[in-house]
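Undergrad: Pasting in a structure now, in structure tokens, and then I'll have a few things to ask.
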Amino acid sequence: MRALHLASADRWTGAAAPAFFEVAALRAAGVDAIYGFVRGYTLQQRIAPVDWAFPLIARRQDPISFMRTAWGLRALVRERQIDVIHAHLTHDHALALWAARGSGARVVRTFHATRAIRDDLISRRTLSRTSAICVINASFLDNPVIAKRSPVFTPPPIDHSLFSPGPETVRAERGIDAGTTVVGFIGKMVPGRGFDHAISTFALLAKADPAARLLVVAKWGPHRDSLDALAAGLGVADRVIWAGYQDDALVAHFRTMSVMLFTAAGSDEGHRAIAEAMACGVPVASYPLPGVGAIAGPLAGRIVSAESTPESLAATASSLLGGDVPGLARLCVERTREFGLEPTARRLLEVYEGVPGR
């Protein structure tokens with residue numbers, strides 16, 4: 001089996017990371033799989049040392065660049081005798097269909113966001129030429145546009161060699177006492193990503209625990225000023241730690257959290273941050289967003305709030321913090337075993353083996 005995954009994301013967030021770890025999972029299972037990404041962005045710098053990841057997709061997305069990329073991919077598919085081209089975004093899907101022409105390779109598509117599932121003429125034609133459909137969010141399974149194609153839920157993979165419980169150093173670096181409750185939040189600092197809800201939730205928690213701190217892991221943006229004003233208005237500005245964007249130290253920041261809040265989906269709706277935090281032994285208090293229940297599994301009743309309000313989320317977080325914290329941490333880690341690299345490879349191979357090969 002030879003597989004090529006294409007993800008035309010320009011940064012690690014979004015579809016790039018799940019696609020990368022799916023390739024890693026396949027390779028760990030003995031599959032000859034490679035990863036194609038967009039050249040010229042910070043993503044290329046991040047994964048440059050990886051010998052199975054290649055900048056195969058042009059940075060520009062005009063017709064000329066598209067055709068150059070498509071012809072290059074077509075040559076690669078024939079040279080390496082690729083059996084499956086797995087596309088993760090709409091641009092990749094079009095490239096995959098071009099590259100597969102006349103080669104015998106089959107095209108598989110993963111949908112990472114509801115906005116990508118469209119019912120126009122072009123979308124219907126591309127789907128008709130697609131051998132199998134995967135979705136990163138279980139709530140997409142019932143979408144009428146793709147439901148008749150029997151899509152497969154492929155949750156975001158977790159590499160447990162990276163995301164796992166362990167010692168943390170961030171408290172010492174930030175001057176946080178060992179016994180202090182640290183409420184975490186991670187996301188892209190733009191309107192609509194739930195930062196205001198997280199701060200409002202933390203303000204409610206801080207009333208009962210004045211020593212608690214809010215650790216925000218996010219690249220600073222213009223939305224920061226309004227968030228600072230909100231925190232000040234709620235009387236918690238001095239208890240908010242703006243940690244900035246974290247890359248290599250992300251796991252250490254997860255391990256610092258007593259609980260993580262999740263209030264909005266990202267550009268990729270797989271809710272990867274929930275699974276990553278849980279894999280580090282961190283319970284997550286989440287709004288009842290579509291698909292969260294499939295990630296939480298049997299823990300959904302404990303970590304998903306009844307309503308999408310700060311009051312409801314604060315009640316959920318308080319319950320998590322007041323219970324058997326070590327026991328809950330173990331359950332969180334155990335839950336994420338289903339998303340490990342080995343189960344991920346099994347799921348993908350079942351999809352690939354279900355479509356005709358060369």
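In the structure tokens, chains take the letters A, B, ... in the order shown, each chain's residues start at 1, and ligands count up from 1 in the order shown.
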Give me the residues of segment 152-210 of chain A that have any atom at most 12 Å from an atom of segment 237-245 of chain A; for each, the nearest atom pair and the distance in Å, rounded to one decimal. Use only C-alpha atoms, sort by chain and number, and format it as a Markdown table.

TA:
```
| residue | atom | partner | partner_atom | distance |
| --- | --- | --- | --- | --- |
| A:Val170 | CA | A:Ala243 | CA | 9.9 |
| A:Arg171 | CA | A:Ile241 | CA | 11.1 |
| A:Glu173 | CA | A:Ala243 | CA | 10.9 |
| A:Arg174 | CA | A:Ile241 | CA | 8.3 |
| A:Gly175 | CA | A:Ile241 | CA | 10.6 |
| A:Ile176 | CA | A:Ile241 | CA | 10.2 |
| A:Thr180 | CA | A:Arg239 | CA | 11.4 |
| A:Thr181 | CA | A:Arg239 | CA | 11.1 |
| A:Val182 | CA | A:Ile241 | CA | 9.8 |
| A:Val183 | CA | A:Val240 | CA | 9.5 |
| A:Gly184 | CA | A:Ile241 | CA | 9.6 |
| A:Phe185 | CA | A:Trp242 | CA | 10.0 |
| A:Ile186 | CA | A:Tyr245 | CA | 9.0 |
| A:Gly187 | CA | A:Tyr245 | CA | 9.1 |
| A:Lys188 | CA | A:Tyr245 | CA | 9.0 |
| A:Met189 | CA | A:Gly244 | CA | 9.9 |
| A:Phe195 | CA | A:Trp242 | CA | 11.8 |
| A:Ala198 | CA | A:Val240 | CA | 11.0 |
| A:Ile199 | CA | A:Val240 | CA | 8.5 |
| A:Ser200 | CA | A:Ala237 | CA | 11.3 |
| A:Phe202 | CA | A:Val240 | CA | 9.2 |
| A:Ala203 | CA | A:Arg239 | CA | 9.5 |
| A:Leu205 | CA | A:Arg239 | CA | 11.7 |
| A:Ala206 | CA | A:Arg239 | CA | 8.9 |
| A:Lys207 | CA | A:Arg239 | CA | 11.9 |
| A:Asp209 | CA | A:Arg239 | CA | 11.2 |
| A:Pro210 | CA | A:Arg239 | CA | 8.8 |
```

Undergrad: From the DSSP assignment of the backbone, select every residue of segment 55-180 of chain A that is strand (DSSP E or B), and format the answer as number ranges by chain.

TA: A: 55-57, 84-87, 106-111, 132-135, 152-153, 158

Undergrad: Excluding segment 311-317 of chain A and any residue of its chain fewer than 3 positions from it, enumerate the residues within 9 Å of it, using only C-alpha atoms, and give them as a ChimeraX atom specification.

TA: /A:183,198,200-205,259-261,263,283-287,302-308,320-322

Undergrad: What parts of segment 52-136 of chain A does DSSP call helix (DSSP H, G or I)? I'd like the answer as a ChimeraX atom specification.

TA: /A:63-80,90-100,114-116,121-128

Undergrad: Can those selected residues be exported to a file as a short mmCIF file (atom, residue, chain, number, x, y, z; two decimals), in the first residue's frame so that it contains N, CA and C atoms?

TA:
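Just written: result.cif:
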```
data_model
loop_
_atom_site.label_atom_id
_atom_site.label_comp_id
_atom_site.auth_asym_id
_atom_site.auth_seq_id
_atom_site.Cartn_x
_atom_site.Cartn_y
_atom_site.Cartn_z
N PRO A 63 -4.66 29.65 -11.46
CA PRO A 63 -4.77 28.51 -12.38
C PRO A 63 -3.43 27.96 -12.87
N ILE A 64 -2.47 28.85 -13.16
CA ILE A 64 -1.18 28.38 -13.67
C ILE A 64 -0.45 27.57 -12.59
N SER A 65 -0.43 28.10 -11.37
CA SER A 65 0.23 27.37 -10.27
C SER A 65 -0.47 26.05 -10.00
N PHE A 66 -1.81 26.07 -10.11
CA PHE A 66 -2.56 24.83 -9.90
C PHE A 66 -2.13 23.77 -10.89
N MET A 67 -2.04 24.13 -12.17
CA MET A 67 -1.70 23.14 -13.18
C MET A 67 -0.27 22.64 -13.02
N ARG A 68 0.64 23.53 -12.65
CA ARG A 68 2.01 23.10 -12.42
C ARG A 68 2.08 22.08 -11.28
N THR A 69 1.34 22.39 -10.19
CA THR A 69 1.31 21.46 -9.07
C THR A 69 0.66 20.14 -9.46
N ALA A 70 -0.45 20.24 -10.21
CA ALA A 70 -1.17 19.03 -10.61
C ALA A 70 -0.32 18.13 -11.48
N TRP A 71 0.41 18.71 -12.44
CA TRP A 71 1.26 17.88 -13.30
C TRP A 71 2.41 17.27 -12.51
N GLY A 72 2.96 18.03 -11.56
CA GLY A 72 4.01 17.49 -10.72
C GLY A 72 3.52 16.33 -9.87
N LEU A 73 2.32 16.48 -9.33
CA LEU A 73 1.74 15.41 -8.52
C LEU A 73 1.42 14.19 -9.38
N ARG A 74 0.94 14.43 -10.59
CA ARG A 74 0.64 13.31 -11.47
C ARG A 74 1.89 12.48 -11.77
N ALA A 75 3.00 13.17 -12.00
CA ALA A 75 4.26 12.46 -12.25
C ALA A 75 4.70 11.68 -11.00
N LEU A 76 4.53 12.29 -9.84
CA LEU A 76 4.91 11.63 -8.59
C LEU A 76 4.06 10.39 -8.35
N VAL A 77 2.77 10.49 -8.61
CA VAL A 77 1.86 9.35 -8.40
C VAL A 77 2.27 8.17 -9.27
N ARG A 78 2.66 8.46 -10.51
CA ARG A 78 3.07 7.37 -11.39
C ARG A 78 4.44 6.82 -11.01
N GLU A 79 5.35 7.71 -10.66
CA GLU A 79 6.70 7.27 -10.31
C GLU A 79 6.70 6.39 -9.08
N ARG A 80 5.94 6.78 -8.06
CA ARG A 80 5.92 6.03 -6.80
C ARG A 80 4.81 4.99 -6.76
N THR A 90 -10.22 21.49 0.19
CA THR A 90 -10.87 21.56 -1.12
C THR A 90 -9.84 21.70 -2.25
N HIS A 91 -8.83 22.54 -2.05
CA HIS A 91 -7.78 22.71 -3.06
C HIS A 91 -7.06 21.38 -3.30
N ASP A 92 -6.78 20.66 -2.22
CA ASP A 92 -6.11 19.36 -2.33
C ASP A 92 -6.98 18.36 -3.09
N HIS A 93 -8.28 18.45 -2.86
CA HIS A 93 -9.21 17.51 -3.48
C HIS A 93 -9.15 17.66 -5.00
N ALA A 94 -9.16 18.91 -5.48
CA ALA A 94 -9.08 19.16 -6.92
C ALA A 94 -7.73 18.68 -7.46
N LEU A 95 -6.65 18.95 -6.74
CA LEU A 95 -5.33 18.50 -7.18
C LEU A 95 -5.28 16.97 -7.23
N ALA A 96 -5.84 16.33 -6.22
CA ALA A 96 -5.81 14.86 -6.16
C ALA A 96 -6.52 14.24 -7.35
N LEU A 97 -7.66 14.80 -7.73
CA LEU A 97 -8.42 14.24 -8.85
C LEU A 97 -7.64 14.38 -10.15
N TRP A 98 -6.97 15.52 -10.32
CA TRP A 98 -6.12 15.69 -11.51
C TRP A 98 -4.96 14.70 -11.49
N ALA A 99 -4.31 14.58 -10.34
CA ALA A 99 -3.12 13.73 -10.25
C ALA A 99 -3.45 12.26 -10.44
N ALA A 100 -4.67 11.87 -10.08
CA ALA A 100 -5.05 10.46 -10.15
C ALA A 100 -5.46 10.01 -11.54
N THR A 114 -17.54 22.07 8.39
CA THR A 114 -18.86 22.01 7.74
C THR A 114 -18.93 22.92 6.53
N ARG A 115 -18.20 24.05 6.55
CA ARG A 115 -18.26 24.99 5.44
C ARG A 115 -17.71 24.38 4.15
N ALA A 116 -16.91 23.32 4.26
CA ALA A 116 -16.33 22.68 3.08
C ALA A 116 -17.28 21.69 2.43
N LEU A 121 -22.75 22.27 -8.12
CA LEU A 121 -22.48 21.34 -9.22
C LEU A 121 -21.05 20.81 -9.19
N ILE A 122 -20.08 21.70 -9.00
CA ILE A 122 -18.68 21.27 -9.00
C ILE A 122 -18.40 20.32 -7.85
N SER A 123 -18.94 20.64 -6.68
CA SER A 123 -18.72 19.77 -5.52
C SER A 123 -19.33 18.39 -5.74
N ARG A 124 -20.51 18.35 -6.34
CA ARG A 124 -21.13 17.06 -6.61
C ARG A 124 -20.31 16.23 -7.58
N ARG A 125 -19.72 16.89 -8.56
CA ARG A 125 -18.90 16.17 -9.54
C ARG A 125 -17.63 15.63 -8.89
N THR A 126 -16.98 16.44 -8.07
CA THR A 126 -15.75 15.96 -7.42
C THR A 126 -16.05 14.81 -6.47
N LEU A 127 -17.17 14.90 -5.76
CA LEU A 127 -17.52 13.81 -4.85
C LEU A 127 -17.85 12.52 -5.61
N SER A 128 -18.44 12.67 -6.78
CA SER A 128 -18.78 11.48 -7.56
C SER A 128 -17.53 10.74 -8.04
#
```

Undergrad: Pick from A:Arg149, A:Arg330, A:Arg335, A:Arg193: nearest to Gly293 of chain A, with only C-alpha atoms counted?

TA: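 Closest residue, counting only C-alpha atoms: A:Arg335.
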
Undergrad: Rounded to one decimal, what separation in Å do you get between atom CA of His160 of chain A and atom CA of Val251 of chain A?

TA: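 Separating atom CA of His160 of chain A from atom CA of Val251 of chain A is a distance of 11.0 Å.
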
Undergrad: Which is closest to Ala138 of chain A among A:Val292, A:Leu43, A:Val108, A:Ala58, if we use only C-alpha atoms?

TA: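 When distances to Ala138 of chain A are compared using only C-alpha atoms, the smallest one comes from A:Val292.
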
Undergrad: May I ask for the distance between atom CA of Pro288 of chain A and atom CA of Pro310 of chain A, given in Å to one decimal place?

TA: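 Computing the Euclidean distance for atom CA of Pro288 of chain A and atom CA of Pro310 of chain A yields 12.0 Å.
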
Undergrad: Atom CA of Ala25 of chain A and atom CA of Ala329 of chain A are how many Å apart?

TA: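 Between atom CA of Ala25 of chain A and atom CA of Ala329 of chain A the gap is 24.7 Å.
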
Undergrad: Counting only C-alpha atoms, what is within 7 Å of segment 336-348 of chain A, bar same-chain residues fewer than 6 positions away, as a ChimeraX atom specification?

TA: /A:22,25-26,29,154-160,275,278-279

Undergrad: Near Asp83 of chain A, counting only C-alpha atoms, which residues have an atom at most 8 Å away, once you skip same-chain residues fewer than 2 positions from it, shown as a PyMOL selection string?

TA: chain A and resi 1-3+81+85+104-106+357-358
